[in-house]
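Below is the file structure16.cif, which contains mmCIF, C-alpha atoms.
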data_my_file
#
loop_
_atom_site.label_atom_id
_atom_site.label_comp_id
_atom_site.auth_asym_id
_atom_site.auth_seq_id
_atom_site.Cartn_x
_atom_site.Cartn_y
_atom_site.Cartn_z
CA MET P 114 -44.93 -64.16 -109.81
CA LYS P 115 -41.23 -64.53 -109.21
CA ARG P 116 -40.65 -61.17 -110.81
CA ILE P 117 -43.16 -59.54 -108.51
CA LEU P 118 -41.67 -61.15 -105.45
CA GLY P 119 -38.22 -60.14 -106.58
CA ALA P 120 -39.30 -56.58 -107.09
CA ILE P 121 -40.91 -56.43 -103.67
CA ALA P 122 -37.81 -57.88 -102.06
CA ALA P 123 -35.60 -55.37 -103.83
CA GLY P 124 -37.86 -52.54 -102.77
CA VAL P 125 -37.83 -53.62 -99.17
CA VAL P 126 -34.10 -53.88 -99.11
CA ALA P 127 -33.62 -50.50 -100.75
CA PHE P 128 -36.15 -48.77 -98.51
CA SER P 129 -34.62 -50.35 -95.43
CA GLY P 130 -31.28 -48.93 -96.39
CA ILE P 131 -32.68 -45.45 -96.88
CA TYR P 132 -34.61 -45.67 -93.63
CA ALA P 133 -31.49 -46.75 -91.84
CA LEU P 134 -29.58 -43.80 -93.27
CA ALA P 135 -32.34 -41.44 -92.33
CA ALA P 136 -32.52 -42.87 -88.84
CA SER P 137 -28.83 -42.33 -88.38
CA LEU P 138 -29.14 -38.57 -89.09
CA SER P 139 -29.78 -36.90 -85.80
CA VAL P 140 -31.80 -33.72 -86.22
CA THR P 141 -32.79 -31.42 -83.41
CA SER P 142 -34.55 -28.08 -83.34
CA ASN P 143 -34.99 -25.23 -80.94
CA THR P 144 -38.55 -24.39 -80.23
CA LEU P 145 -40.10 -21.75 -82.43
CA GLY P 146 -43.41 -20.08 -82.34
CA ALA P 147 -44.87 -17.00 -83.90
CA GLY P 148 -48.05 -15.11 -83.23
CA THR P 149 -49.48 -11.68 -83.55
CA VAL P 150 -51.95 -9.75 -81.49
CA ALA P 151 -53.28 -6.25 -81.85
CA VAL P 152 -52.13 -3.73 -79.25
CA ALA P 153 -55.22 -1.96 -78.05
CA SER P 154 -55.68 1.41 -76.44
CA CYS P 155 -57.06 1.51 -72.94
CA GLN P 156 -59.73 4.01 -74.02
CA SER P 157 -61.11 5.55 -77.15
CA THR P 158 -62.71 8.64 -75.69
CA ALA P 159 -60.66 11.79 -75.57
CA ILE P 160 -58.36 12.73 -72.75
CA ASN P 161 -57.61 16.38 -72.22
CA ALA P 162 -54.23 17.89 -71.37
CA ALA P 163 -54.07 21.23 -69.60
CA TYR P 164 -51.11 23.09 -68.17
CA ALA P 165 -50.89 24.48 -64.72
CA PRO P 166 -49.92 26.15 -62.62
CA LEU P 167 -48.50 29.10 -64.47
CA ALA P 168 -45.87 31.04 -62.64
CA TYR P 169 -43.94 34.10 -63.63
CA THR P 170 -40.16 33.94 -63.59
CA SER P 171 -38.17 37.08 -64.30
CA GLY P 172 -36.17 36.66 -67.45
CA THR P 173 -38.07 33.55 -68.48
CA GLY P 174 -41.62 34.73 -68.51
CA TYR P 175 -44.48 32.44 -67.64
CA THR P 176 -43.62 28.85 -66.92
CA THR P 177 -45.57 25.68 -66.31
CA THR P 178 -44.57 22.89 -63.98
CA SER P 179 -47.22 20.20 -64.43
CA VAL P 180 -49.81 18.77 -66.78
CA THR P 181 -53.34 17.95 -65.69
CA VAL P 182 -55.12 15.19 -67.57
CA THR P 183 -58.89 14.94 -67.49
CA GLY P 184 -61.33 12.58 -69.17
CA LEU P 185 -59.56 9.42 -68.06
CA ALA P 186 -61.73 6.30 -68.48
CA SER P 187 -61.76 3.62 -65.79
CA THR P 188 -60.05 1.28 -68.26
CA CYS P 189 -57.03 3.59 -68.12
CA ASN P 190 -56.85 3.65 -64.34
CA ASN P 191 -53.73 2.31 -62.69
CA VAL P 192 -51.58 2.14 -65.82
CA PRO P 193 -48.15 3.67 -66.37
CA TYR P 194 -48.00 7.02 -68.12
CA ARG P 195 -45.37 9.20 -69.70
CA ILE P 196 -46.11 12.77 -70.67
CA THR P 197 -43.66 14.84 -72.66
CA LEU P 198 -43.78 18.52 -73.46
CA TYR P 199 -41.86 19.20 -76.61
CA GLN P 200 -40.62 22.22 -78.47
CA THR P 201 -40.30 23.26 -82.07
CA GLY P 202 -38.61 20.45 -83.97
CA GLY P 203 -39.91 17.81 -81.58
CA GLY P 204 -37.16 17.97 -78.98
CA SER P 205 -38.23 17.10 -75.47
CA LEU P 206 -38.46 19.97 -73.01
CA VAL P 207 -39.54 17.94 -70.00
CA GLU P 208 -41.03 14.55 -69.19
CA ALA P 209 -43.23 13.35 -66.38
CA THR P 210 -43.79 9.68 -65.59
CA GLY P 211 -45.94 7.83 -63.12
CA THR P 212 -49.02 5.69 -62.79
CA THR P 213 -52.54 6.89 -63.40
CA PRO P 214 -54.80 6.86 -60.36
CA ALA P 215 -56.58 3.68 -59.38
CA THR P 216 -59.88 5.52 -59.53
CA GLY P 217 -61.12 8.80 -60.90
CA THR P 218 -60.97 10.63 -64.19
CA THR P 219 -58.32 13.23 -63.46
CA PHE P 220 -54.70 13.31 -62.47
CA THR P 221 -51.91 15.84 -62.34
CA THR P 222 -48.32 14.92 -63.01
CA SER P 223 -45.75 15.44 -60.32
CA ALA P 224 -44.10 18.82 -60.61
CA PHE P 225 -41.31 18.96 -63.14
CA THR P 226 -38.66 21.54 -63.85
CA ALA P 227 -40.33 24.77 -64.88
CA VAL P 228 -40.40 25.23 -68.62
CA SER P 229 -41.15 28.40 -70.51
CA ALA P 230 -44.75 28.30 -71.64
CA ALA P 231 -43.83 30.04 -74.86
CA SER P 232 -41.38 27.24 -75.69
CA VAL P 233 -43.96 24.47 -75.49
CA THR P 234 -45.33 23.59 -78.92
CA GLY P 235 -46.82 20.17 -78.23
CA VAL P 236 -47.58 17.41 -75.79
CA ALA P 237 -47.15 13.65 -76.13
CA VAL P 238 -48.89 11.11 -73.93
CA VAL P 239 -48.20 7.41 -73.53
CA LEU P 240 -50.63 5.30 -71.53
CA GLY P 241 -50.10 1.68 -70.62
CA GLY P 242 -47.28 -0.74 -71.14
CA MET R 370 -54.70 -51.00 -110.71
CA ARG R 371 -57.06 -48.08 -110.62
CA LYS R 372 -58.18 -48.91 -107.09
CA ARG R 373 -54.58 -49.07 -105.97
CA GLN R 374 -53.85 -45.61 -107.33
CA ILE R 375 -56.86 -44.22 -105.54
CA LEU R 376 -55.78 -45.92 -102.32
CA VAL R 377 -52.25 -44.51 -102.63
CA ARG R 378 -53.57 -41.00 -103.26
CA PHE R 379 -55.92 -41.30 -100.31
CA LEU R 380 -53.14 -42.40 -98.01
CA ALA R 381 -50.84 -39.60 -99.20
CA THR R 382 -53.57 -37.02 -98.66
CA ALA R 383 -54.30 -38.41 -95.21
CA LEU R 384 -50.60 -38.18 -94.35
CA VAL R 385 -50.42 -34.53 -95.40
CA VAL R 386 -53.55 -33.71 -93.44
CA VAL R 387 -52.24 -35.41 -90.32
CA ALA R 388 -48.90 -33.63 -90.61
CA GLY R 389 -50.60 -30.30 -91.16
CA THR R 390 -52.83 -30.85 -88.19
CA ALA R 391 -49.83 -31.52 -86.05
CA VAL R 392 -48.22 -28.22 -87.16
CA VAL R 393 -51.40 -26.31 -86.51
CA GLY R 394 -51.64 -27.93 -83.13
CA ARG R 395 -48.15 -26.76 -82.27
CA ALA R 396 -48.92 -23.22 -83.49
CA ALA R 397 -52.16 -23.09 -81.57
CA GLY R 398 -50.20 -23.84 -78.43
CA LEU R 399 -48.44 -20.45 -78.62
CA GLY R 400 -50.55 -18.02 -76.67
CA VAL R 401 -49.94 -14.37 -77.49
CA SER R 402 -51.42 -11.54 -75.50
CA SER R 403 -50.60 -7.87 -75.05
CA ASP R 404 -51.04 -5.18 -72.47
CA LYS R 405 -52.82 -2.12 -73.66
CA LEU R 406 -50.58 0.67 -74.93
CA SER R 407 -51.19 3.94 -76.70
CA ALA R 408 -49.03 6.88 -77.63
CA VAL R 409 -50.40 10.08 -79.03
CA SER R 410 -49.15 13.61 -79.42
CA ALA R 411 -50.83 16.89 -80.21
CA ALA R 412 -49.59 20.30 -81.09
CA LEU R 413 -50.49 23.14 -78.78
CA PRO R 414 -52.64 25.61 -80.63
CA ILE R 415 -51.87 29.30 -80.69
CA CYS R 416 -53.98 32.18 -81.84
CA ALA R 417 -53.59 33.58 -85.29
CA SER R 418 -51.57 36.73 -85.69
CA GLY R 419 -53.60 39.81 -85.00
CA SER R 420 -56.13 38.04 -82.81
CA VAL R 421 -55.28 40.11 -79.74
CA THR R 422 -55.57 43.87 -79.68
CA VAL R 423 -53.33 45.63 -77.21
CA ALA R 424 -54.04 49.12 -75.93
CA ASN R 425 -51.31 50.84 -73.98
CA THR R 426 -52.22 53.51 -71.48
CA HIS R 427 -49.44 55.95 -70.90
CA GLY R 428 -48.71 57.94 -67.78
CA GLY R 429 -45.84 60.33 -68.27
CA GLY R 430 -43.02 58.30 -69.72
CA ASN R 431 -44.45 55.06 -68.49
CA ILE R 432 -47.01 52.49 -69.51
CA SER R 433 -49.46 52.27 -66.65
CA LYS R 434 -51.84 49.75 -68.12
CA ILE R 435 -52.21 47.41 -71.04
CA THR R 436 -55.61 46.26 -72.18
CA LEU R 437 -55.93 42.98 -74.02
CA THR R 438 -58.95 42.33 -76.22
CA LEU R 439 -59.45 39.03 -77.95
CA LYS R 440 -60.75 39.53 -81.44
CA SER R 441 -60.91 36.07 -82.91
CA CYS R 442 -59.07 33.54 -80.78
CA THR R 443 -61.11 30.53 -79.68
CA GLY R 444 -58.52 29.56 -77.10
CA ALA R 445 -59.89 31.81 -74.41
CA VAL R 446 -63.36 32.87 -73.44
CA ALA R 447 -64.98 35.09 -70.86
CA GLY R 448 -64.12 33.82 -67.41
CA ASN R 449 -60.64 32.65 -68.33
CA THR R 450 -57.59 34.15 -66.70
CA LEU R 451 -55.16 35.90 -69.00
CA TYR R 452 -51.50 36.18 -68.19
CA ALA R 453 -49.31 38.67 -69.96
CA THR R 454 -45.70 39.66 -69.72
CA LEU R 455 -44.05 42.54 -71.50
CA ASP R 456 -40.40 42.15 -72.37
CA GLU R 457 -38.07 44.87 -73.44
CA MET R 458 -35.66 43.16 -75.78
CA THR R 459 -32.50 44.06 -73.92
CA THR R 460 -33.59 44.07 -70.28
CA LYS R 461 -36.13 41.29 -70.65
CA SER R 462 -39.25 41.21 -68.52
CA ILE R 463 -40.32 44.64 -67.44
CA GLY R 464 -43.89 43.95 -66.42
CA ASP R 465 -46.46 41.26 -66.00
CA GLY R 466 -49.88 40.64 -64.59
CA THR R 467 -53.14 38.75 -64.82
CA CYS R 468 -56.73 39.62 -65.47
CA THR R 469 -60.02 37.83 -66.04
CA LEU R 470 -61.70 38.04 -69.40
CA ALA R 471 -65.21 39.44 -69.46
CA GLY R 472 -67.71 40.84 -71.96
CA THR R 473 -68.15 40.45 -75.68
CA PRO R 474 -65.65 40.33 -77.21
CA PRO R 475 -63.78 39.10 -74.15
CA ALA R 476 -61.39 41.73 -72.83
CA CYS R 477 -59.51 42.66 -69.70
CA ALA R 478 -56.82 45.05 -68.54
CA ILE R 479 -53.57 44.48 -66.72
CA SER R 480 -52.12 47.32 -64.73
CA MET R 481 -48.40 47.71 -64.73
CA THR R 482 -46.02 50.56 -64.43
CA VAL R 483 -43.11 50.23 -66.74
CA THR R 484 -40.71 52.76 -68.08
CA TYR R 485 -40.40 52.37 -71.75
CA SER R 486 -38.78 53.96 -74.71
CA ALA R 487 -40.80 54.49 -77.84
CA THR R 488 -37.80 53.52 -79.87
CA ASP R 489 -37.06 50.25 -78.13
CA SER R 490 -38.42 46.94 -79.31
CA TYR R 491 -40.68 44.85 -77.11
CA SER R 492 -42.32 41.49 -77.05
CA LEU R 493 -45.59 40.53 -75.47
CA GLU R 494 -46.49 37.04 -74.34
CA VAL R 495 -50.17 36.30 -73.69
CA LEU R 496 -51.33 33.09 -72.02
CA ALA R 497 -54.73 31.80 -70.98
CA GLU R 498 -55.81 29.48 -68.20
CA PRO R 499 -57.90 27.49 -68.28
CA ALA R 500 -58.46 27.25 -71.98
CA SER R 501 -61.53 25.37 -73.02
CA THR R 502 -60.60 24.32 -76.51
CA GLY R 503 -57.64 22.78 -78.20
CA THR R 504 -56.39 20.55 -80.94
CA THR R 505 -57.39 16.89 -81.05
CA SER R 506 -55.06 14.15 -82.19
CA THR R 507 -55.76 10.42 -82.42
CA SER R 508 -53.30 7.52 -82.21
CA ALA R 509 -53.36 4.61 -84.64
CA ASN R 510 -55.21 2.50 -82.11
CA GLY R 511 -57.71 5.13 -81.16
CA LEU R 512 -56.50 7.11 -78.16
CA LYS R 513 -57.65 10.71 -78.54
CA LEU R 514 -55.74 13.59 -76.98
CA VAL R 515 -56.99 17.14 -76.75
CA SER R 516 -54.26 19.65 -76.07
CA GLU R 517 -55.47 22.91 -74.65
CA TYR R 518 -54.05 26.31 -75.41
CA LEU R 519 -51.18 27.48 -73.28
CA THR R 520 -49.63 30.48 -74.90
CA LEU R 521 -52.19 32.35 -76.92
CA ARG R 522 -49.75 34.61 -78.67
CA THR R 523 -46.13 35.70 -78.48
CA CYS R 524 -45.41 38.73 -80.57
CA SER R 525 -42.88 41.49 -80.84
CA THR R 526 -42.29 44.82 -82.43
CA ALA R 527 -39.12 46.19 -83.89
CA ALA R 528 -38.09 49.53 -82.38
CA LYS R 529 -41.59 50.96 -82.29
CA GLY R 530 -42.61 50.56 -78.69
CA PRO R 531 -44.91 47.87 -77.33
CA PRO R 532 -47.10 46.05 -79.87
CA THR R 533 -50.63 47.24 -80.47
CA THR R 534 -51.79 43.98 -81.99
CA CYS R 535 -50.59 40.55 -81.19
#

I'd like the structure from this file rewritten - as structure tokens, please.
Amino acid sequence: MKRILGAIAAGVVAFSGIYALAASLSVTSNTLGAGTVAVASCQSTAINAAYAPLAYTSGTGYTTTSVTVTGLASTCNNVPYRITLYQTGGGSLVEATGTTPATGTTFTTSAFTAVSAASVTGVAVVLGG
Amino acid sequence: MRKRQILVRFLATALVVVAGTAVVGRAAGLGVSSDKLSAVSAALPICASGSVTVANTHGGGNISKITLTLKSCTGAVAGNTLYATLDEMTTKSIGDGTCTLAGTPPACAISMTVTYSATDSYSLEVLAEPASTGTTSTSANGLKLVSEYLTLRTCSTAAKGPPTTC
């Protein structure tokens, strides 16, 4: 019985010492959180990009100064857009930015610097953000 | 002795569960949301080589009219407006005009009066508006973009006068 009591006493003393040491170590932490969420598109049906108006410029040929987007879903109304016409190799020829209309399925970008139609090889559209 | 071991294990397990619950509770407190965003790009289609037949009508030393006939290009159909410009390689644009496609196969003529040399080289640029078809591209999160035709064909000849096919 004495042995048991002695062992308990020794354990308490030892644990108290460790606890005291631990308590004397001040540890702080900045807040940290992590989470993920999928970035959704504002619509899954197709939008259509057309180029107008076409104008003839001597020495340059036919040029376009705006892009008309049709097929816009209501879920893509009133969101920022960026439309880029690019050339061979992917370099940007011209960009138009703005906000899609609050209602309706069609919008035309503000007029940008005329670009040669023959130089345009692709169009890139960003909606939302 | 056996009961004590079980009790110790139970308490240890309970401690881990409580600690884990606290961590989960902290993680659940982090709300993450996102605005919608999509980016997609599509190449502008062009007609295959030889899809436009070009007939040049001569008047004296000039070309008075060019007739464009679409043979196989899906980028333009009857009712569309065609734009064409003829460039002489050194003096650049020497004529341009528009016409409306009609008939089967769709064809139309653009009148222009240009002085040309049968030994010079020329290029012809043919555009359509509006075009009813195009290439479709889809972003990783599902935004589809259809890019219509703009320039149907750009073609040139080397020192043989204006092209007869494009």

> What residues in chain P have any atom no more than 7 Å from chain R when counting only C-alpha atoms, and can you write them as a ChimeraX atom specification?
Replying inline: /P:146,148-150,152-164,171-172,174,230-231,234-242

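The space separating atom CA of R:Ala417 from atom CA of R:Ser525 comes to 14.0 Å.
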
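Across the model, the gap from atom CA of R:Gly530 to atom CA of R:Tyr485 is 7.5 Å.
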
> Leaving out stretch 432-438 of chain R and any residue of its chain fewer than 3 positions from it, which residues lie within 9 Å of it when counting only C-alpha atoms, given as a ChimeraX atom specification?
Replying inline: /R:420-429,451,453,470,474-485,495

> How far is it from atom CA of P:Asn191 to atom CA of P:Thr216, in Å with one decimal?
Replying inline: 7.6 Å

>> Which residue is closest to P:Ala186? Choose from P:Thr210, P:Ala215, P:Thr173, P:Leu138 and count all atoms listed in the file.
In response: P:Ala215

So what does the PyMOL selection byres ((chain P and resi 213) around 9) actually pick up in this one, as a compact mmCIF listing (two decimals) with C-alpha atoms, keeping the file's coordinate frame?
# COMPACT_ATOMS: atom_id res chain seq x y z
CA LEU P 185 -59.56 9.42 -68.06
CA CYS P 189 -57.03 3.59 -68.12
CA ASN P 190 -56.85 3.65 -64.34
CA ASN P 191 -53.73 2.31 -62.69
CA VAL P 192 -51.58 2.14 -65.82
CA PRO P 193 -48.15 3.67 -66.37
CA TYR P 194 -48.00 7.02 -68.12
CA GLY P 211 -45.94 7.83 -63.12
CA THR P 212 -49.02 5.69 -62.79
CA PRO P 214 -54.80 6.86 -60.36
CA ALA P 215 -56.58 3.68 -59.38
CA THR P 216 -59.88 5.52 -59.53
CA THR P 219 -58.32 13.23 -63.46
CA PHE P 220 -54.70 13.31 -62.47
CA LEU P 240 -50.63 5.30 -71.53

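Residues surrounding P:Thr226 within 9 Å are Thr177, Thr178, Ser179 and Val207 of chain P [only C-alpha atoms; sequence separation below 3 positions excluded].
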
> Written as a PyMOL selection string, which residues does the PyMOL selection byres ((chain P and resi 201) around 10) give for the file shown?
Replying inline: (chain P and resi 199-200+202-206+232-235) or (chain R and resi 412)
